[in-house]
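Enquirer: Have a look at the structure that comes next, please.
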Amino acid sequence: MKFADVILPLALPRNYTYSVPPEMEASIRPGSRVAVPLGRQKKYAGIVKAIHDLPPASYKTKPIMDLLDKDPVVYPTQLAFWEWMAQYYMCNEGDVLNAALPAHLKLSSETVLLYNDAYGDDYSDLNDHEYLVAEALHIRKELRIGEVQLILDRSDVYSVIKQLIDKKVCLVYEELKEVYKEKTEKFILLHPDYEREEALAPLFDELARAPKQMELLLAYLHLIRTQGEVAQSELLKKSGASSAQLKGLVEKGVLVVDNRIVGRIRMGKMEMQINFDLSPAQETALAGVRKCFEEKQVTLLHGVTSSGKTQLYVKLMEEYLAAGKQVLYLLPEIALTAQIIRRLQKHFGGQIGIYHSRFSNNERVEIWNKVKSGEIRILLGARSSLLLPFRDLGLIVLDEEHDASFKQQDPAPRYHARDAAIYYAGLFKAKVLLGSATPSLESYFNAQQGKYGLVTLTERYGGVNMPAIEIVDMKKELALKEVVGNFTSVLRDQIRQSLAAGKQVILFQNRRGYAPFLLCTTCGWIPNCKQCDVSLTYHKHQDQMHCHYCGTRYPYIYTCAACGSQTLVPKNFGTEKIEEDLQELFPTARIARMDVDAIRSKDSHNKMIQLLEQGEIDILVGTQMVVKGLDFENVNLVGILSADSLLSYPDFRVNERAFQLMEQVSGRSGRKDGQGRVIVQASNTRHHILECVTAHDYRAMYDNEIAEREQFAYPPFFRLIKLTIKHKKQQVAEQAALILGNWLRPHLGAQLVGPAAPPVGRVRGFYLQEMLVKLPRDVKKITQAKQLLKSLFEQLTIEKQFRSVIITPDVDCV
């Protein structure tokens, strides 16, 4: 007998083994979806990981119930990748499956009630609700949960169902339901009797008395000659006819309606038009990348902002596509895809796929299948696109490789797309190009050590100068009373000059909303979230208070809960407040805001980018969305409104991140002609990072930070695993963390930091405790430490008082 190890979409420490029925043995393969039972009644759609002839020693196997696909949905390469991710990031393969597979490929299990014929039809011991359901069951023989909700006209029906099961009126089983539906569209064909031209003449005579039908037929004949096929919707739009008039021609046997399956994702032809020339510096850099790829799998391209890194990517992608390979282009944010996709389509035509969280579940299934079949040759997407089933991957381009958005936070797997991409590429023997103007310290260190190739591009494309950066002292401006609405006199004057010259301005503030908190000026009370230990942010546009940790929204608070006074005032400022101040200061300017609140729909970001490109926006204010990789020719001024907030966060990467953000946002200025200007408002003007930013000196920042990292045992010299212990009760969380810390300290010693409460000690009603494990860069020691951690987690949660404690390991935390 054959057996199959199946990955289930559950956080199970081990994969279950099932027996393969003889009739499936010839067709089942690793990567296939199968329907399998788990427990008494549950059914799941899992993925076959391996097929073998070794039965499990500790339990009797159940047979696989159904094979759901003719062809596997993933390749063995992806299964190997999933296994590595689960081991490296200390999660389960079910977690990886859940992250990788589109929702509509993970079949939903639906509860079905079956009437128990042995019960009979005596309903005397049933209450009114039970009687209604029992009677319907007796007639229909089976009902789904949704149908029971309709019968009772209420959503909470589970107590009624439980009573019916207990009284043996019905039985329950789980039915796997395929959710993905193919999209169909109606196309119009000419009846075969009228395909010859001589047959059309009498038809026109006949339709002379029906002018609208005649117009409809003429519109059809025009479209079929120009386009080759005619969709019903397009025909009605072109002709201005109604559905009734079309129906008349169909009933007369002139036209025929054909229902066809069409894709939601339409792919055009691959038409390469690489119609630009590289500068001498770019040519040298491209030759350097090619040479590095001869010897190394990974190359870091360190190119200053606006140096033309994207053009290098295009040239390199052209070479791999010509060799028949697939290319994955990773970006840190969905926000960046709109502008890049237009550029790539200009060079490569319609063979480009996009993949990110804004797509519908049906669209994701279609992209998944097109990547798997090789129809999509170039895939552009955020970190999740790394989990797609590539067939023959040749190159991964990871743009803005330093960006923290490449790290998945919740839920598991908490992977870093940069590191995972390097492992994934290794499975294909593919190459990885990391690109950034401000590389992460880890990548630059690896390049300095010779682990990665390193290519530098030090001049901007077209010989444009780097922007001039001016630090403005907020303390002096406040003392002179020159600050108006969070704008210094210097920044206000520069904005006026830019607007007068017909140029555009970008202003950066790393806080959304109107004000980060409200303050009672009488007693000092600050409104906090009920679920989290964090102040509520005021969003004036919605007139609500938002928690940016759990997402809970509260009505605006007018009265202090502590002293009862009505002296609550907004403190500090976010992007909404800046937008309001700008409208007062520059009433004739066209102002737009780009943050998570303003960019809600799938296309809203793209529309805003296009408005900026077309000169319809004068001043754009935003959060990190405006920083990353966007390219606007007419922007000559960038303002950073509060550099101090970037430099005061309690994190060992704070200086690196602040430099990256300020250097990246300054790079949006003066990209086409003339030297751009950057105004940085700060109170601590002598901070050494501001000196590095002013001089555009990445190396000075790197040298300073790398020395401190080595001294205090932080990456890249050590690996970090952050352990977060959560519980609804503070005492239980603290006690569990203390016990776990005491168990770990004899093994780890000084490599264990904590436990302690994080800066925000309660999130979504859970009290938090954190520990940091520092491990030397030794694969054997890291593997041993992970095994130790897992065994101690199990040991702790076995104890009764800690069963509901949640322990979350975050490997390579950022």
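Letters for chains follow the order of the structure tokens (A, B, ...), residue numbers begin at 1 for each chain, and ligand numbers begin at 1 in the order shown.
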Where in segment 316-405 of chain A does DSSP assign alpha helix (DSSP H), given as number ranges by chain?
Expert: A: 316-322, 337-348, 361-373
Enquirer: Find the residues around Leu330 of chain A up to 9 Å (only C-alpha atoms counted), leave out those fewer than 5 positions away in its own chain, and share them as a VMD selection string.
Expert: chain A and resid 379 to 383 385 to 386 396 to 401 417
Enquirer: Based on the selection just made, write C-alpha atoms of those residues as a JSON list (two decimals), in the first residue's frame.
Expert:
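Generated output (selection06.json):
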[["chain", "number", "residue", "atom", "x", "y", "z"],
["A", 379, "LEU", "CA", 5.91, 38.77, -12.23],
["A", 380, "LEU", "CA", 5.91, 42.08, -10.36],
["A", 381, "GLY", "CA", 4.73, 42.04, -6.78],
["A", 382, "ALA", "CA", 5.10, 42.49, -3.05],
["A", 383, "ARG", "CA", 6.68, 39.90, -0.74],
["A", 385, "SER", "CA", 4.57, 36.88, -4.77],
["A", 386, "LEU", "CA", 7.66, 34.96, -3.68],
["A", 396, "ILE", "CA", 14.92, 37.67, -8.88],
["A", 397, "VAL", "CA", 15.26, 41.47, -8.74],
["A", 398, "LEU", "CA", 14.66, 42.79, -5.22],
["A", 399, "ASP", "CA", 14.30, 46.57, -5.46],
["A", 400, "GLU", "CA", 14.63, 48.77, -2.34],
["A", 401, "GLU", "CA", 16.10, 45.69, -0.63],
["A", 417, "ALA", "CA", 11.42, 38.22, 1.56]]
Enquirer: Atom CA of Ile506 of chain A and atom CA of Arg699 of chain A are how many Å apart?
Expert: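 Atom CA of Ile506 of chain A sits 26.4 Å away from atom CA of Arg699 of chain A.
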Enquirer: Write out as a ChimeraX atom specification the residues lying within 6 Å of segment 766-775 of chain A, counting only C-alpha atoms and excluding same-chain residues fewer than 2 positions away.
Expert: /A:718-728,730,751-757,761-764
Enquirer: For segment 374-377 of chain A, work out the shell of residues within 7 Å, counting only C-alpha atoms and skipping chain neighbours fewer than 2 positions away, then give it as a list in words.
Expert: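 Result of the neighbour search: Gln326, Val327, Gln351, Ile352, Gly353, Lys370, Val371, Lys372, Leu379 and Arg391 of chain A.
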Enquirer: Residues at most 9 Å from segment 521-526 of chain A, counting only C-alpha atoms, excluding those fewer than 3 positions away in the same chain, as an MDAnalysis selection string?
Expert: chainID A and resid 517:518 535:536 560:563 565:569
Enquirer: For the selection you just gave me, I'd like the residues written to a file as a compact mmCIF listing (two decimals), in the first residue's frame, keeping N, CA and C atoms.
Expert:
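Contents of result_15.txt, freshly written:
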# COMPACT_ATOMS: atom_id res chain seq x y z
N PHE A 517 -2.29 62.25 19.48
CA PHE A 517 -3.04 62.06 20.72
C PHE A 517 -3.75 63.36 21.11
N LEU A 518 -4.76 63.22 21.97
CA LEU A 518 -5.41 64.37 22.58
C LEU A 518 -4.89 64.50 24.02
N SER A 535 -2.02 55.45 23.04
CA SER A 535 -2.93 56.57 22.88
C SER A 535 -3.67 56.48 21.54
N LEU A 536 -4.86 57.07 21.51
CA LEU A 536 -5.68 57.06 20.29
C LEU A 536 -5.29 58.22 19.39
N CYS A 560 -13.01 65.24 29.30
CA CYS A 560 -11.95 64.47 29.96
C CYS A 560 -12.58 63.44 30.90
N ALA A 561 -12.16 62.19 30.74
CA ALA A 561 -12.72 61.11 31.58
C ALA A 561 -12.20 61.18 33.01
N ALA A 562 -11.08 61.93 33.22
CA ALA A 562 -10.49 62.01 34.56
C ALA A 562 -11.07 63.16 35.37
N CYS A 563 -11.04 64.39 34.81
CA CYS A 563 -11.46 65.56 35.59
C CYS A 563 -12.77 66.17 35.11
N SER A 565 -13.37 68.11 32.62
CA SER A 565 -13.29 69.38 31.90
C SER A 565 -13.32 69.15 30.39
N GLN A 566 -13.59 70.22 29.65
CA GLN A 566 -13.65 70.13 28.19
C GLN A 566 -12.48 70.87 27.56
N THR A 567 -11.30 70.56 28.06
CA THR A 567 -10.08 71.26 27.60
C THR A 567 -9.15 70.30 26.86
N LEU A 568 -9.72 69.35 26.10
CA LEU A 568 -8.91 68.41 25.33
C LEU A 568 -8.44 69.09 24.04
N VAL A 569 -7.14 69.04 23.80
CA VAL A 569 -6.59 69.66 22.58
C VAL A 569 -5.71 68.65 21.84
Enquirer: Between A:Gln531, A:Ser648, A:Gln494, A:Ser32, which residue has the minimum interatomic distance to Ile51 of chain A, considering only C-alpha atoms?
Expert: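 Of all the options, A:Ser32 lies closest to Ile51 of chain A.
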Enquirer: Go through segment 338-404 of chain A and flag each residue having an atom no more than 9 Å from segment 79-103 of chain A; for those, report the closest pair of atoms plus their distance in Å to one decimal, using only C-alpha atoms, ordered by chain and rising number, as JSON lines.
Expert:
{"residue": "A:Asn361", "atom": "CA", "partner": "A:Ala103", "partner_atom": "CA", "distance": 6.1}
{"residue": "A:Asn362", "atom": "CA", "partner": "A:Pro102", "partner_atom": "CA", "distance": 8.3}
{"residue": "A:Arg364", "atom": "CA", "partner": "A:Pro102", "partner_atom": "CA", "distance": 6.0}
{"residue": "A:Val365", "atom": "CA", "partner": "A:Pro102", "partner_atom": "CA", "distance": 5.9}
{"residue": "A:Trp368", "atom": "CA", "partner": "A:Pro102", "partner_atom": "CA", "distance": 7.9}
{"residue": "A:Ser384", "atom": "CA", "partner": "A:Ala100", "partner_atom": "CA", "distance": 7.3}
{"residue": "A:Ser385", "atom": "CA", "partner": "A:Ala100", "partner_atom": "CA", "distance": 8.5}
{"residue": "A:Leu386", "atom": "CA", "partner": "A:Ala100", "partner_atom": "CA", "distance": 8.7}
{"residue": "A:Leu387", "atom": "CA", "partner": "A:Ala100", "partner_atom": "CA", "distance": 5.2}
{"residue": "A:Leu388", "atom": "CA", "partner": "A:Ala100", "partner_atom": "CA", "distance": 6.9}
Enquirer: Residues within 8 Å of Leu393 of chain A, please, as a ChimeraX atom specification. Count only C-alpha atoms; anything in the same chain fewer than 4 positions from it doesn't count.
Expert: /A:325-328,425,428,430
Enquirer: Of the candidates A:Tyr75, A:Tyr714, A:Tyr158, A:Phe487, which shows the shortest atom-to-atom distance to Ile679 of chain A, using only C-alpha atoms?
Expert: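 Under the stated criterion, the closest residue is A:Phe487.
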